[in-house]
Amino acid sequence: MFFLNAILVGLREILANKFRSLLTMLGIVLGVSSLVAMAAIVKGMENGMKESMIALGGLDKALTREAPVPVWQSHLADQAPSCTLRDVEALRRSAPMIRLVSPEMALERATVTLGDKRVKPAELVGVWPVVLDMNLHVLDHGRFFNDLDEENANAVCVIGTGIRDALFGSPEELGREVVPIGERVQINAQTFTIVGLFQHYESEQDRAKRGLARTQPEVGKPPAVARGRPGYRGGSGWAFERKNLTVYIPMNTMWLRFRAASGADFIPDPTLSDMDLKVHALSELEPALAQARNVLLSTHHGIENFSFATQESNLESINQSIRNARMSGGIIAAISLLAGGIGIMNIMLASITERVREIGIRKAIGATFSDVFTQVLVESVVLAVLGGLAGLAASVLLVRVIGSISGGANAPVITFESLAVAFAFSAVIGVLAGLFPAVKAARLNPIQALRYG
């Protein structure tokens, strides 16, 4: 009952000085809202980065590329072989811990043309069918390459929706989905037939927005055309955009059609752009890469002119960036809350000065040290808690504004943990800010307090 009365007295004091109390709480409001907003931004970044990483093939994937010959082997640089299909066969034969090996031959400065329309793919590579499992691609229409396409070096290709949208029109522009199976396009002036179309890749957030747009179309637009797929220019992650701008052709086609003049004596250059590896389990990644390294050292005559890049190392880099962002954001929010706490302490000291005679009367009729101490402390906490609640409401509005400005790119995500931590901090600040004024008020001499003023 005493605490309830103390809270009511605290609320009465706040209402009696509305403008002063509002200015005092403003520091807490800013601190809480900045803390929640910063946590939401970091969470959105984390979700976007990890979602993109999964879209690129998952954590159990490693990329093998040529690397400069180590300094201690520089005298063997002219003997260092390139990565070729011989390495792929050796890995498939002698590295049982590697589940999949996917070779790639990339075509640099590639252009896909249809009439007067052209688009530059994010990647145009010659591949084997195993690339579907390696990079988590899913065919939406048509088919992928078969053994006959590979053996005869057929001029066929499979494209992403970004390529389709740029050349044939997007569903938003046409009001319908175009399936260009059987259509012919020019790849660096050579004619290719489209035999497959990948599904459209997008983040969970973009997918949810697309679903909302279908149920709530814009005024004057039919549902089929309502702000649907973001296309190759949209999406919330570069990984989805990259996958939508992919063009795959058979490995043998790439080798014979685009590498014929680049090798010595007009022999096609067999050098691979890279080799993607996948292990059976993430826990086996390190020993599997060690096994792959031994195999490649054997095929490269002991010269280590290759390197491995893993998604796991990227994940550690992401986690470190997230930790740094949280720390810097927490420090900024803590400074704001500290400023709010100083404001509460200042207003409580001013309130005590105004109420010296009142405190003196209370102590003269029997109020103890703890009674006065608790009353002032409760008033400080009430002020901070109200500021914290207002800060939580402000943070929701702030995050919505940030989300609308960001345009769906790694939009901030509010979590219950960030709300709870921010509110708890505001309450703690209220306690700390009220300690000194409460002690000062409780120690007042009732006789001197009654003479005050």
# chains A, B, ... in the order shown; residues from 1 in each chain; ligands from 1
>>> residues_around(residues="region 376-393 of chain A", least_positions_apart="6", cutoff="9 Å", atoms="only C-alpha atoms", output="MDAnalysis selection string")
chainID A and resid 3 6:11 13:14 21:22 24:34 36 340:341 344:345 348 352 419 422:435 437:439 441:442
>>> write_last_selection(atoms="N, CA and C atoms", output="short mmCIF file (atom, residue, chain, number, x, y, z; two decimals), in the first residue's frame")
data_model
loop_
_atom_site.label_atom_id
_atom_site.label_comp_id
_atom_site.auth_asym_id
_atom_site.auth_seq_id
_atom_site.Cartn_x
_atom_site.Cartn_y
_atom_site.Cartn_z
N PHE A 3 3.88 1.58 -1.28
CA PHE A 3 4.47 1.78 -2.60
C PHE A 3 3.44 2.35 -3.57
N ALA A 6 3.18 5.91 -2.89
CA ALA A 6 4.39 6.59 -3.38
C ALA A 6 4.32 6.79 -4.88
N ILE A 7 3.81 5.80 -5.59
CA ILE A 7 3.67 5.91 -7.04
C ILE A 7 2.65 6.99 -7.40
N LEU A 8 1.54 7.01 -6.66
CA LEU A 8 0.51 8.02 -6.93
C LEU A 8 1.05 9.43 -6.66
N VAL A 9 1.83 9.58 -5.59
CA VAL A 9 2.43 10.88 -5.30
C VAL A 9 3.39 11.27 -6.41
N GLY A 10 4.17 10.29 -6.90
CA GLY A 10 5.10 10.57 -7.99
C GLY A 10 4.38 11.01 -9.25
N LEU A 11 3.27 10.34 -9.59
CA LEU A 11 2.49 10.72 -10.76
C LEU A 11 1.90 12.11 -10.59
N GLU A 13 3.18 14.57 -8.86
CA GLU A 13 4.26 15.54 -9.05
C GLU A 13 4.57 15.74 -10.53
N ILE A 14 4.54 14.64 -11.30
CA ILE A 14 4.81 14.74 -12.74
C ILE A 14 3.72 15.55 -13.43
N SER A 21 8.56 17.88 -16.62
CA SER A 21 8.68 16.42 -16.61
C SER A 21 8.88 15.88 -18.02
N LEU A 22 8.20 16.49 -19.02
CA LEU A 22 8.34 16.05 -20.40
C LEU A 22 9.76 16.24 -20.89
N THR A 24 12.37 16.37 -19.05
CA THR A 24 13.23 15.45 -18.30
C THR A 24 13.18 14.05 -18.91
N MET A 25 11.99 13.61 -19.28
CA MET A 25 11.84 12.26 -19.84
C MET A 25 12.39 12.17 -21.26
N LEU A 26 12.58 13.31 -21.92
CA LEU A 26 13.00 13.29 -23.31
C LEU A 26 14.33 12.56 -23.49
N GLY A 27 15.25 12.75 -22.53
CA GLY A 27 16.53 12.05 -22.62
C GLY A 27 16.36 10.54 -22.56
N ILE A 28 15.47 10.07 -21.68
CA ILE A 28 15.20 8.62 -21.58
C ILE A 28 14.52 8.12 -22.86
N VAL A 29 13.58 8.91 -23.38
CA VAL A 29 12.88 8.52 -24.61
C VAL A 29 13.88 8.34 -25.75
N LEU A 30 14.78 9.31 -25.91
CA LEU A 30 15.77 9.24 -26.98
C LEU A 30 16.71 8.05 -26.78
N GLY A 31 17.12 7.82 -25.54
CA GLY A 31 18.03 6.72 -25.27
C GLY A 31 17.40 5.37 -25.55
N VAL A 32 16.17 5.18 -25.08
CA VAL A 32 15.49 3.90 -25.29
C VAL A 32 15.20 3.67 -26.77
N SER A 33 14.68 4.69 -27.44
CA SER A 33 14.34 4.53 -28.86
C SER A 33 15.59 4.29 -29.71
N SER A 34 16.70 4.96 -29.38
CA SER A 34 17.93 4.74 -30.14
C SER A 34 18.49 3.35 -29.90
N VAL A 36 16.71 0.58 -29.09
CA VAL A 36 15.86 -0.39 -29.80
C VAL A 36 16.07 -0.30 -31.30
N GLY A 340 19.91 11.19 -20.08
CA GLY A 340 18.56 11.22 -19.52
C GLY A 340 18.56 11.04 -18.01
N GLY A 341 19.46 10.17 -17.52
CA GLY A 341 19.57 9.97 -16.07
C GLY A 341 20.04 11.23 -15.35
N ILE A 344 17.11 13.45 -15.01
CA ILE A 344 16.22 13.04 -13.92
C ILE A 344 16.81 13.44 -12.57
N MET A 345 18.10 13.22 -12.39
CA MET A 345 18.73 13.60 -11.13
C MET A 345 18.60 15.11 -10.89
N MET A 348 15.01 15.96 -9.92
CA MET A 348 14.69 15.49 -8.57
C MET A 348 15.32 16.40 -7.52
N ILE A 352 13.27 18.51 -4.77
CA ILE A 352 13.53 18.46 -3.33
C ILE A 352 13.68 19.87 -2.77
N LEU A 419 13.57 -4.81 -26.74
CA LEU A 419 12.59 -4.02 -25.99
C LEU A 419 12.76 -4.20 -24.49
N ALA A 422 16.07 -2.51 -23.28
CA ALA A 422 15.96 -1.05 -23.27
C ALA A 422 15.10 -0.57 -22.11
N PHE A 423 13.98 -1.24 -21.87
CA PHE A 423 13.12 -0.85 -20.76
C PHE A 423 13.80 -1.08 -19.42
N ALA A 424 14.50 -2.20 -19.29
CA ALA A 424 15.21 -2.48 -18.05
C ALA A 424 16.28 -1.42 -17.79
N PHE A 425 16.97 -1.00 -18.83
CA PHE A 425 18.00 0.04 -18.67
C PHE A 425 17.38 1.35 -18.20
N SER A 426 16.21 1.68 -18.75
CA SER A 426 15.57 2.94 -18.33
C SER A 426 15.19 2.87 -16.85
N ALA A 427 14.71 1.70 -16.38
CA ALA A 427 14.37 1.56 -14.96
C ALA A 427 15.61 1.66 -14.09
N VAL A 428 16.70 1.02 -14.53
CA VAL A 428 17.95 1.09 -13.76
C VAL A 428 18.47 2.52 -13.69
N ILE A 429 18.38 3.24 -14.82
CA ILE A 429 18.81 4.64 -14.84
C ILE A 429 17.98 5.45 -13.85
N GLY A 430 16.67 5.16 -13.78
CA GLY A 430 15.82 5.86 -12.83
C GLY A 430 16.25 5.60 -11.40
N VAL A 431 16.62 4.37 -11.06
CA VAL A 431 17.08 4.04 -9.71
C VAL A 431 18.38 4.77 -9.40
N LEU A 432 19.35 4.68 -10.34
CA LEU A 432 20.65 5.31 -10.10
C LEU A 432 20.53 6.83 -10.00
N ALA A 433 19.68 7.41 -10.87
CA ALA A 433 19.53 8.87 -10.86
C ALA A 433 18.82 9.35 -9.60
N GLY A 434 18.01 8.49 -8.97
CA GLY A 434 17.26 8.92 -7.79
C GLY A 434 17.97 8.67 -6.47
N LEU A 435 19.08 7.92 -6.49
CA LEU A 435 19.75 7.58 -5.23
C LEU A 435 20.26 8.82 -4.49
N PRO A 437 19.53 12.17 -4.88
CA PRO A 437 18.48 13.05 -4.37
C PRO A 437 17.70 12.42 -3.21
N ALA A 438 17.47 11.10 -3.25
CA ALA A 438 16.72 10.45 -2.18
C ALA A 438 17.48 10.49 -0.87
N VAL A 439 18.78 10.24 -0.91
CA VAL A 439 19.61 10.31 0.30
C VAL A 439 19.64 11.73 0.84
N ALA A 441 17.40 14.07 0.45
CA ALA A 441 16.10 14.42 1.04
C ALA A 441 15.90 13.72 2.37
N ALA A 442 16.29 12.47 2.49
CA ALA A 442 16.09 11.70 3.72
C ALA A 442 16.93 12.22 4.87
#
>>> select_by_dssp(residues="region 224-385 of chain A", states="alpha helix (DSSP H)", output="ChimeraX atom specification")
/A:238-244,251-258,285-299,311-354,356-364,369-385
>>> closest_residue(among="A:Ala166, A:Val158, A:Val295, A:Met275", to="Leu100 (chain A)", atoms="only C-alpha atoms")
A:Met275
>>> residues_around(residues="Gln199 (chain A)", least_positions_apart="6", cutoff="10 Å", atoms="only C-alpha atoms", output="list in words")
His137, Val138, Leu139, Asp140, His141, Ile159, Gly160, Thr161, Lys243 and Asn244 of chain A
